[in-house]
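Visitor: Got a file for you: upload_30.txt, compact mmCIF, C-alpha atoms and all ligand atoms.
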# COMPACT_ATOMS: atom_id res chain seq x y z
CA MET A 28 81.76 88.38 94.54
CA GLY A 29 81.32 85.40 96.82
CA GLU A 30 80.11 81.96 95.95
CA PRO A 31 76.78 80.33 96.66
CA GLY A 32 76.68 78.08 99.70
CA ARG A 33 79.77 79.58 101.26
CA GLU A 34 80.34 82.49 103.60
CA ARG A 35 82.71 85.11 102.29
CA GLY A 36 86.15 84.54 103.72
CA GLN A 37 85.41 81.00 104.84
CA LYS A 38 87.81 78.69 103.09
CA THR A 39 87.61 75.10 102.12
CA ARG A 40 90.65 72.98 102.90
CA GLY A 41 93.72 73.71 100.78
CA GLU A 42 92.51 77.12 99.58
CA HIS A 43 94.31 80.27 100.59
CA LEU A 44 92.49 83.45 101.55
CA ARG A 45 92.82 86.13 98.88
CA VAL A 46 94.31 89.21 100.50
CA GLY A 47 94.54 92.73 99.08
CA VAL A 48 97.03 95.08 100.74
CA LEU A 49 96.70 98.88 100.69
CA ALA A 50 100.00 100.68 101.29
CA SER A 51 101.28 104.22 100.80
CA GLY A 52 105.00 103.90 101.36
CA ARG A 53 107.93 101.75 102.41
CA GLY A 54 105.90 98.56 102.72
CA SER A 55 107.86 96.82 105.47
CA ASN A 56 104.62 95.46 106.94
CA LEU A 57 103.64 94.19 103.50
CA GLN A 58 107.06 92.51 103.38
CA ALA A 59 106.46 90.91 106.79
CA ILE A 60 103.19 89.50 105.44
CA LEU A 61 104.87 88.18 102.29
CA ASP A 62 107.70 86.66 104.36
CA ALA A 63 105.21 84.97 106.71
CA ILE A 64 103.44 83.49 103.68
CA ASP A 65 106.75 82.24 102.24
CA ALA A 66 107.70 80.75 105.60
CA GLY A 67 104.38 78.88 105.81
CA ARG A 68 103.23 80.83 108.87
CA LEU A 69 100.38 82.53 107.02
CA ALA A 70 97.94 80.63 104.82
CA ALA A 71 97.02 83.52 102.58
CA ARG A 72 97.80 84.83 99.12
CA VAL A 73 98.50 88.51 98.50
CA VAL A 74 96.77 88.82 95.14
CA VAL A 75 97.03 92.59 94.76
CA VAL A 76 98.75 95.57 96.38
CA VAL A 77 97.08 98.93 95.85
CA SER A 78 98.79 102.24 96.51
CA ASP A 79 97.78 105.88 96.38
CA ARG A 80 101.38 106.73 95.51
CA ALA A 81 103.02 105.77 92.23
CA ASP A 82 106.48 105.69 93.85
CA ALA A 83 105.55 103.56 96.88
CA GLN A 84 108.24 101.01 97.65
CA ALA A 85 105.39 98.67 98.55
CA LEU A 86 104.50 98.39 94.84
CA ASP A 87 108.05 97.18 94.04
CA ARG A 88 107.88 94.65 96.85
CA ALA A 89 104.59 93.36 95.42
CA ARG A 90 106.01 93.01 91.91
CA ARG A 91 109.07 91.20 93.23
CA HIS A 92 106.78 88.75 94.97
CA GLY A 93 104.72 88.19 91.83
CA ALA A 94 101.66 89.99 93.17
CA LYS A 95 99.78 92.51 91.08
CA ALA A 96 100.77 96.11 91.93
CA VAL A 97 98.23 98.83 91.17
CA PHE A 98 98.56 102.58 91.58
CA VAL A 99 95.23 104.36 91.99
CA ASP A 100 95.79 108.07 91.49
CA PRO A 101 93.82 110.19 93.97
CA ARG A 102 94.14 113.17 91.62
CA GLN A 103 92.18 111.33 88.96
CA HIS A 104 89.11 111.19 91.21
CA PRO A 105 86.91 114.13 92.21
CA ASP A 106 86.41 113.08 95.84
CA ARG A 107 87.25 110.41 98.41
CA GLU A 108 84.16 108.39 97.57
CA ALA A 109 85.16 108.13 93.91
CA PHE A 110 88.73 107.25 94.85
CA ASP A 111 87.51 104.51 97.19
CA ARG A 112 85.16 103.17 94.51
CA ALA A 113 88.14 102.91 92.16
CA MET A 114 90.08 100.95 94.79
CA LEU A 115 87.06 98.73 95.42
CA ALA A 116 86.87 97.97 91.70
CA VAL A 117 90.48 96.76 91.76
CA LEU A 118 89.88 94.62 94.84
CA ASP A 119 86.71 93.21 93.30
CA GLU A 120 88.52 92.41 90.06
CA HIS A 121 91.05 90.38 92.06
CA LYS A 122 88.35 88.69 94.17
CA VAL A 123 89.88 90.00 97.37
CA GLU A 124 88.38 88.52 100.54
CA LEU A 125 90.39 90.37 103.18
CA VAL A 126 91.84 93.89 102.98
CA CYS A 127 94.99 94.63 105.00
CA LEU A 128 96.08 98.22 105.50
CA ALA A 129 99.85 98.40 105.77
CA GLY A 130 100.95 101.99 106.19
CA PHE A 131 98.01 103.25 104.14
CA MET A 132 97.84 106.93 104.98
CA ARG A 133 94.29 107.76 103.92
CA LEU A 134 90.99 107.46 105.72
CA LEU A 135 88.58 105.03 104.12
CA THR A 136 85.06 106.23 103.40
CA PRO A 137 82.02 104.58 105.03
CA GLY A 138 81.14 103.11 101.60
CA PHE A 139 84.45 101.27 101.43
CA ILE A 140 84.15 100.02 104.99
CA ALA A 141 80.61 98.79 104.39
CA ALA A 142 81.78 96.83 101.34
CA TYR A 143 84.33 94.95 103.47
CA ARG A 144 82.74 95.15 106.91
CA HIS A 145 84.77 93.19 109.48
CA ARG A 146 87.12 92.20 106.67
CA ILE A 147 89.58 95.12 106.89
CA LEU A 148 92.57 94.94 109.22
CA ASN A 149 95.13 97.61 110.14
CA ILE A 150 98.42 97.83 111.97
CA HIS A 151 99.04 100.92 114.08
CA PRO A 152 102.29 101.98 115.78
CA ALA A 153 100.90 102.63 119.29
CA LEU A 154 98.91 100.88 121.99
CA LEU A 155 95.42 102.01 120.99
CA PRO A 156 93.36 103.81 122.12
CA SER A 157 96.46 105.89 122.94
CA PHE A 158 97.90 107.94 120.12
CA PRO A 159 95.64 107.28 117.13
CA GLY A 160 96.16 109.01 113.79
CA LEU A 161 99.38 110.26 112.33
CA HIS A 162 102.85 110.25 113.95
CA ALA A 163 101.84 107.90 116.76
CA GLN A 164 105.45 107.39 117.85
CA ARG A 165 106.06 111.15 117.98
CA GLN A 166 102.85 111.53 120.00
CA ALA A 167 104.01 108.89 122.53
CA LEU A 168 107.38 110.63 122.99
CA ALA A 169 105.82 114.07 123.31
CA TYR A 170 103.34 112.80 125.89
CA GLY A 171 106.08 111.18 127.97
CA ALA A 172 104.63 107.67 127.80
CA LYS A 173 106.91 105.02 129.34
CA ILE A 174 105.42 102.20 127.31
CA SER A 175 104.16 102.20 123.76
CA GLY A 176 103.76 99.47 121.17
CA ALA A 177 101.80 98.16 118.23
CA THR A 178 98.15 97.27 117.67
CA ALA A 179 96.57 95.05 115.03
CA HIS A 180 92.86 95.82 114.78
CA PHE A 181 89.75 95.66 112.66
CA VAL A 182 88.94 98.87 110.81
CA ASP A 183 85.69 100.72 111.39
CA GLU A 184 84.53 104.21 110.41
CA GLY A 185 86.62 105.97 113.08
CA VAL A 186 90.32 106.83 113.12
CA ASP A 187 92.04 103.73 114.53
CA THR A 188 88.98 102.91 116.65
CA GLY A 189 88.08 99.40 115.47
CA PRO A 190 88.12 96.30 117.72
CA ILE A 191 91.61 95.27 118.82
CA ILE A 192 92.98 91.86 117.79
CA LEU A 193 96.56 91.80 119.13
CA GLN A 194 98.88 94.24 120.85
CA ALA A 195 102.57 94.21 121.74
CA ALA A 196 104.26 96.61 124.15
CA VAL A 197 107.74 98.11 124.02
CA PRO A 198 109.50 100.44 126.49
CA VAL A 199 110.02 104.10 125.66
CA LEU A 200 113.63 104.85 126.65
CA ASP A 201 114.90 108.17 127.96
CA ASP A 202 117.21 108.67 125.03
CA ASP A 203 114.72 107.58 122.37
CA THR A 204 114.23 109.63 119.24
CA GLU A 205 111.22 109.21 116.98
CA GLU A 206 113.43 107.01 114.80
CA THR A 207 114.69 104.66 117.53
CA LEU A 208 111.23 104.27 119.07
CA SER A 209 109.68 103.69 115.62
CA ALA A 210 112.23 100.96 114.88
CA ARG A 211 111.52 99.18 118.19
CA ILE A 212 107.77 99.33 117.56
CA LEU A 213 108.13 98.29 113.90
CA ALA A 214 109.84 95.04 114.91
CA GLU A 215 106.71 94.21 116.95
CA GLU A 216 104.37 95.26 114.13
CA HIS A 217 106.10 92.77 111.86
CA LYS A 218 105.44 89.98 114.39
CA ILE A 219 101.84 90.66 115.38
CA TYR A 220 100.36 91.69 112.02
CA PRO A 221 100.96 88.38 110.19
CA ARG A 222 99.80 86.57 113.35
CA ALA A 223 96.57 88.57 113.46
CA ILE A 224 95.94 87.86 109.78
CA GLN A 225 96.52 84.15 110.33
CA LEU A 226 93.99 84.19 113.20
CA PHE A 227 91.49 85.75 110.77
CA VAL A 228 92.33 83.11 108.16
CA GLU A 229 91.69 80.37 110.69
CA GLY A 230 88.30 81.90 111.51
CA ARG A 231 89.29 82.29 115.14
CA LEU A 232 88.37 85.96 115.60
CA GLU A 233 84.96 86.63 117.05
CA ILE A 234 83.91 90.26 117.38
CA GLN A 235 81.71 90.91 120.43
CA GLY A 236 81.03 94.63 120.47
CA ARG A 237 84.40 96.28 121.04
CA ARG A 238 86.08 93.04 122.04
CA VAL A 239 87.67 90.44 119.84
CA ILE A 240 87.57 86.97 121.34
CA ILE A 241 90.30 84.67 120.04
CA ARG A 242 88.92 81.17 119.80
CA GLU A 243 91.07 78.12 120.53
CA GLY A 244 92.72 76.64 117.48
CA SER A 245 91.75 73.12 116.41
C1 LIG B 301 104.01 101.54 110.14
O1 LIG B 301 104.69 101.92 111.31
C2 LIG B 301 102.52 101.51 110.37
O2 LIG B 301 102.18 101.04 111.64
C3 LIG B 301 102.19 102.97 110.24
O3 LIG B 301 102.94 103.41 109.16
C4 LIG B 301 104.12 102.64 109.07
C5 LIG B 301 104.21 102.06 107.69
O4 LIG B 301 105.42 101.38 107.52
N1 LIG B 301 100.79 103.17 110.03
C6 LIG B 301 100.13 104.19 110.54
O5 LIG B 301 100.65 105.07 111.19
C7 LIG B 301 98.65 104.22 110.22
N2 LIG B 301 97.97 105.14 111.07
P1 LIG B 301 105.59 100.33 106.35
O6 LIG B 301 105.15 101.03 105.06
O7 LIG B 301 107.07 100.04 106.34
O8 LIG B 301 104.76 99.13 106.66
As structure tokens, what does this structure read like?
Ligand code: GAR
Guide:
Amino acid sequence: MGEPGRERGQKTRGEHLRVGVLASGRGSNLQAILDAIDAGRLAARVVVVVSDRADAQALDRARRHGAKAVFVDPRQHPDREAFDRAMLAVLDEHKVELVCLAGFMRLLTPGFIAAYRHRILNIHPALLPSFPGLHAQRQALAYGAKISGATAHFVDEGVDTGPIILQAAVPVLDDDTEETLSARILAEEHKIYPRAIQLFVEGRLEIQGRRVIIREGS
């Protein structure tokens, strides 16, 4: 992968960054990315969508958009490392430059993260570092938080611990259920995730330890 004389991910004018999306389910964040591309708000190309579930709606959304949709079956691989290597082979085949997790419900192995270091993004339905992991909205309700939200962040070896790019807050209302809170948060996810990806595309994200500095646009 990569080309001589050019940093990975750094684009020449007129080229669009080649994005691979990993998704396990509904794929509404994938759809938000595809819609942002169609609307000209995101200068990227989703070249492949990979799922660990054959029936993921995200795969249908990919096909409808004309992107390659690939199911990688976890049961066909003896361990997580082998499964991740199979996903990496698909991403490599499609010359993916940036990996976006969009409701991908598996932990990536250190080998995968090393292969795409600082080039994996995730969207999480809470204001990290609060409520990492599964069922973040349920966790926020159970804890009695008054404010929750969405976080777009780089992925590192931890569970939702990578440097934060953008966050958006929403109120938690007294009569919220997991469903109503999730819907309010999801609307914010769909706004900040494509924006965070576009900032990456523009080369404006500078990681300084835990902090992500957003450089001025030209
Ligand atoms: C989204 O709310 C996303 O933030 C969350 O799963 C949902 C997927 O929805 N991801 C996580 O909880 C990851 N820890 P989608 O398939 O419609 O994008």
Visitor: Got a sec to check which residues sit within 9 Å of (97.8, 104.0, 107.1), counting only C-alpha atoms, and write them as a compact mmCIF listing (two decimals) with C-alpha atoms, keeping the file's coordinate frame?
Guide:
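Okay, this is what ended up in result33.txt:
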# COMPACT_ATOMS: atom_id res chain seq x y z
CA LEU A 49 96.70 98.88 100.69
CA ALA A 50 100.00 100.68 101.29
CA SER A 51 101.28 104.22 100.80
CA LEU A 128 96.08 98.22 105.50
CA ALA A 129 99.85 98.40 105.77
CA GLY A 130 100.95 101.99 106.19
CA PHE A 131 98.01 103.25 104.14
CA MET A 132 97.84 106.93 104.98
CA ARG A 133 94.29 107.76 103.92
CA LEU A 134 90.99 107.46 105.72
CA ASN A 149 95.13 97.61 110.14
CA ILE A 150 98.42 97.83 111.97
CA HIS A 151 99.04 100.92 114.08
CA GLY A 160 96.16 109.01 113.79
CA LEU A 161 99.38 110.26 112.33
Visitor: Could you tell me how far atom C4 of ligand LIG 301 (chain B) sits from CA of Asp62 in chain A, in Å to one decimal place?
Guide: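 Pair CA of Asp62 in chain A / atom C4 of ligand LIG 301 (chain B) returns 17.0 Å.
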Visitor: From the options A:Leu232, A:Ile224, A:Ala167, A:Val77, which residue's atoms come nearest to Val197 in chain A, counting all atoms listed in the file?
Guide: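 Closest to Val197 in chain A, using all atoms listed in the file: A:Ala167.
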Visitor: Out of A:Thr207, A:Gln164, A:Ser175, A:Ser78, which residue has the shortest atom-to-atom distance to Pro101 in chain A when counting only C-alpha atoms?
Guide: A:Ser78
Visitor: Please measure the separation of CA of Gln194 in chain A and CA of Arg144 in chain A, giving the value in Å to one decimal.
Guide: 21.3 Å
Visitor: Kindly indicate which residue among A:Ser157, A:Gln166, A:Ser209, A:Thr188 lies nearest to ligand LIG 301 (chain B), using all atoms listed in the file for the distances.
Guide: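 Residue with the minimum atom-to-atom distance to ligand LIG 301 (chain B): A:Ser209.
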Visitor: Closest to ligand LIG 301 (chain B) among A:Phe227, A:Phe181, A:Tyr170, A:Phe158, using all atoms listed in the file?
Guide: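 Among A:Phe227, A:Phe181, A:Tyr170, A:Phe158, it is A:Phe158 that comes nearest to ligand LIG 301 (chain B).
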Visitor: I need the residue nearest Leu118 in chain A from this list: A:Pro105, A:Gly54, A:Gly47, A:Gly185. Use only C-alpha atoms for the distance.
Guide: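 The answer is A:Gly47, which sits nearest to Leu118 in chain A.
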Visitor: Go ahead and compute the interatomic distance for CA of His121 in chain A and CA of Val46 in chain A, in Å to one decimal.
Guide: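 The value is 9.1 Å.
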Visitor: Counting all atoms listed in the file, which of A:Glu216, A:Ala210, A:Arg102, A:Ala163 gets nearest to Ala177 in chain A?
Guide: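 Selected residue with least distance to Ala177 in chain A: A:Glu216.
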Visitor: Tell me, as a list in words, which residues lie within 12 Å of Glu243 in chain A, counting only C-alpha atoms; anything in the same chain fewer than 4 positions away does not count.
Guide: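 Contacts, in chain order: Leu226, Glu229, Gly230, Arg231, Leu232 and Glu233 of chain A.
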Visitor: Let me have the centre and edge lengths of the axis-aligned box enclosing all listed atoms of range 214-222 of chain A with 3 Å padding on every side, in Å to one decimal, as lines of an AutoDock Vina configuration file.
Guide:
center_x = 104.8
center_y = 90.9
center_z = 113.6
size_x = 16.0
size_y = 14.7
size_z = 12.8
Visitor: May I have the protein, DNA and RNA residues with any atom at most 9 Å from the point (87.8, 95.1, 106.1), counting all atoms listed in the file, written as an MDAnalysis selection string?
Guide: chainID A and resid 124:128 139:149 181:183
Visitor: Emit the selected residues as a JSON list (two decimals), keeping the file's coordinate frame, including C-alpha atoms.
Guide:
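See again-v5.json below for the written result:
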[["chain", "number", "residue", "atom", "x", "y", "z"],
["A", 124, "GLU", "CA", 88.38, 88.52, 100.54],
["A", 125, "LEU", "CA", 90.39, 90.37, 103.18],
["A", 126, "VAL", "CA", 91.84, 93.89, 102.98],
["A", 127, "CYS", "CA", 94.99, 94.63, 105.00],
["A", 128, "LEU", "CA", 96.08, 98.22, 105.50],
["A", 139, "PHE", "CA", 84.45, 101.27, 101.43],
["A", 140, "ILE", "CA", 84.15, 100.02, 104.99],
["A", 141, "ALA", "CA", 80.61, 98.79, 104.39],
["A", 142, "ALA", "CA", 81.78, 96.83, 101.34],
["A", 143, "TYR", "CA", 84.33, 94.95, 103.47],
["A", 144, "ARG", "CA", 82.74, 95.15, 106.91],
["A", 145, "HIS", "CA", 84.77, 93.19, 109.48],
["A", 146, "ARG", "CA", 87.12, 92.20, 106.67],
["A", 147, "ILE", "CA", 89.58, 95.12, 106.89],
["A", 148, "LEU", "CA", 92.57, 94.94, 109.22],
["A", 149, "ASN", "CA", 95.13, 97.61, 110.14],
["A", 181, "PHE", "CA", 89.75, 95.66, 112.66],
["A", 182, "VAL", "CA", 88.94, 98.87, 110.81],
["A", 183, "ASP", "CA", 85.69, 100.72, 111.39]]
Visitor: Any idea what's packed within 10 Å of Gly236 in chain A, counting all atoms listed in the file, ignoring anything in its chain fewer than 2 positions away? Could you give it as a list of chain:residue names?
Guide: A:Gly189, A:Pro190, A:Glu233, A:Ile234, A:Arg238, A:Val239
Visitor: Which residues, written as a list in words, have at least one atom at most 12 Å from Ile219 in chain A, with all atoms listed in the file counted and residues fewer than 5 positions away on the same chain left out?
Guide: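 Answer for this query is Asn56, Ala59, Ile60, Ala63, Arg68, Leu69, Leu148, Asn149, Ile150, His151, Pro152, Gly176, Ala177, Thr178, Ala179, His180, Ile191, Ile192, Leu193, Gln194, Ala195, Ala196, Ile212, Leu213, Ala214, Ile224, Gln225 and Leu226 of chain A.
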Visitor: Keeping only C-alpha atoms, write the selected residues to a file as a compact mmCIF listing (two decimals), in the coordinates of the input.
Guide:
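Result file is again-v6.txt:
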# COMPACT_ATOMS: atom_id res chain seq x y z
CA ASN A 56 104.62 95.46 106.94
CA ALA A 59 106.46 90.91 106.79
CA ILE A 60 103.19 89.50 105.44
CA ALA A 63 105.21 84.97 106.71
CA ARG A 68 103.23 80.83 108.87
CA LEU A 69 100.38 82.53 107.02
CA LEU A 148 92.57 94.94 109.22
CA ASN A 149 95.13 97.61 110.14
CA ILE A 150 98.42 97.83 111.97
CA HIS A 151 99.04 100.92 114.08
CA PRO A 152 102.29 101.98 115.78
CA GLY A 176 103.76 99.47 121.17
CA ALA A 177 101.80 98.16 118.23
CA THR A 178 98.15 97.27 117.67
CA ALA A 179 96.57 95.05 115.03
CA HIS A 180 92.86 95.82 114.78
CA ILE A 191 91.61 95.27 118.82
CA ILE A 192 92.98 91.86 117.79
CA LEU A 193 96.56 91.80 119.13
CA GLN A 194 98.88 94.24 120.85
CA ALA A 195 102.57 94.21 121.74
CA ALA A 196 104.26 96.61 124.15
CA ILE A 212 107.77 99.33 117.56
CA LEU A 213 108.13 98.29 113.90
CA ALA A 214 109.84 95.04 114.91
CA ILE A 224 95.94 87.86 109.78
CA GLN A 225 96.52 84.15 110.33
CA LEU A 226 93.99 84.19 113.20
Visitor: Near Arg80 in chain A, counting all atoms listed in the file, which residues have an atom at most 8 Å away, once you skip same-chain residues fewer than 2 positions from it, shown as number ranges by chain?
Guide: A: 51-52, 78, 82-83, 98-100
Visitor: Could you list, as a PyMOL selection string, every residue within 7 Å of Arg72 in chain A, counting only C-alpha atoms and ignoring same-chain residues fewer than 4 positions away?
Guide: chain A and resi 43-46
Visitor: Any chance you could export range 153-223 of chain A with C-alpha atoms, as a short mmCIF file (atom, residue, chain, number, x, y, z; two decimals), in the first residue's frame?
Guide:
data_model
loop_
_atom_site.label_atom_id
_atom_site.label_comp_id
_atom_site.auth_asym_id
_atom_site.auth_seq_id
_atom_site.Cartn_x
_atom_site.Cartn_y
_atom_site.Cartn_z
CA ALA A 153 -21.89 9.10 24.90
CA LEU A 154 -19.64 11.94 26.00
CA LEU A 155 -16.41 9.99 26.51
CA PRO A 156 -14.76 9.19 28.84
CA SER A 157 -18.21 8.66 30.38
CA PHE A 158 -19.99 5.46 29.47
CA PRO A 159 -17.60 3.59 27.17
CA GLY A 160 -18.39 0.14 25.80
CA LEU A 161 -21.77 -1.33 25.10
CA HIS A 162 -25.20 0.24 25.79
CA ALA A 163 -23.79 3.71 26.43
CA GLN A 164 -27.25 5.30 26.38
CA ARG A 165 -28.58 2.76 28.89
CA GLN A 166 -25.53 3.44 31.08
CA ALA A 167 -26.20 7.21 31.00
CA LEU A 168 -29.84 6.72 32.02
CA ALA A 169 -28.98 4.25 34.76
CA TYR A 170 -26.35 6.60 36.17
CA GLY A 171 -28.75 9.54 36.22
CA ALA A 172 -26.65 11.76 33.97
CA LYS A 173 -28.40 15.02 33.01
CA ILE A 174 -26.36 15.48 29.85
CA SER A 175 -25.07 12.89 27.43
CA GLY A 176 -24.11 13.04 23.77
CA ALA A 177 -21.89 11.72 21.02
CA THR A 178 -18.13 11.50 20.54
CA ALA A 179 -16.12 11.10 17.35
CA HIS A 180 -12.62 9.88 18.21
CA PHE A 181 -9.51 8.14 16.99
CA VAL A 182 -9.31 4.46 17.89
CA ASP A 183 -6.49 3.09 20.00
CA GLU A 184 -6.01 -0.24 21.78
CA GLY A 185 -8.44 0.58 24.61
CA VAL A 186 -12.23 0.48 24.68
CA ASP A 187 -13.34 3.91 23.41
CA THR A 188 -10.21 5.54 24.85
CA GLY A 189 -8.63 7.15 21.77
CA PRO A 190 -8.11 10.91 21.35
CA ILE A 191 -11.35 12.87 20.97
CA ILE A 192 -12.02 14.81 17.76
CA LEU A 193 -15.53 16.23 18.19
CA GLN A 194 -18.31 15.94 20.74
CA ALA A 195 -21.93 17.07 20.85
CA ALA A 196 -24.09 17.20 23.98
CA VAL A 197 -27.80 16.49 24.39
CA PRO A 198 -30.01 16.72 27.50
CA VAL A 199 -31.22 13.59 29.25
CA LEU A 200 -34.91 14.20 29.97
CA ASP A 201 -36.82 12.87 32.96
CA ASP A 202 -39.14 10.81 30.81
CA ASP A 203 -36.45 9.46 28.49
CA THR A 204 -36.32 5.79 27.64
CA GLU A 205 -33.25 4.16 26.13
CA GLU A 206 -34.97 4.55 22.75
CA THR A 207 -35.78 8.26 23.01
CA LEU A 208 -32.34 9.14 24.37
CA SER A 209 -30.66 7.00 21.68
CA ALA A 210 -32.62 8.80 18.96
CA ARG A 211 -31.62 12.24 20.30
CA ILE A 212 -27.97 11.21 20.46
CA LEU A 213 -28.07 9.52 17.05
CA ALA A 214 -29.14 12.77 15.37
CA GLU A 215 -25.93 14.35 16.75
CA GLU A 216 -23.80 11.36 15.73
CA HIS A 217 -24.98 11.84 12.16
CA LYS A 218 -23.83 15.48 12.25
CA ILE A 219 -20.44 15.19 13.94
CA TYR A 220 -19.14 11.97 12.37
CA PRO A 221 -19.06 13.18 8.74
CA ARG A 222 -17.62 16.49 10.01
CA ALA A 223 -14.84 14.69 11.89
#
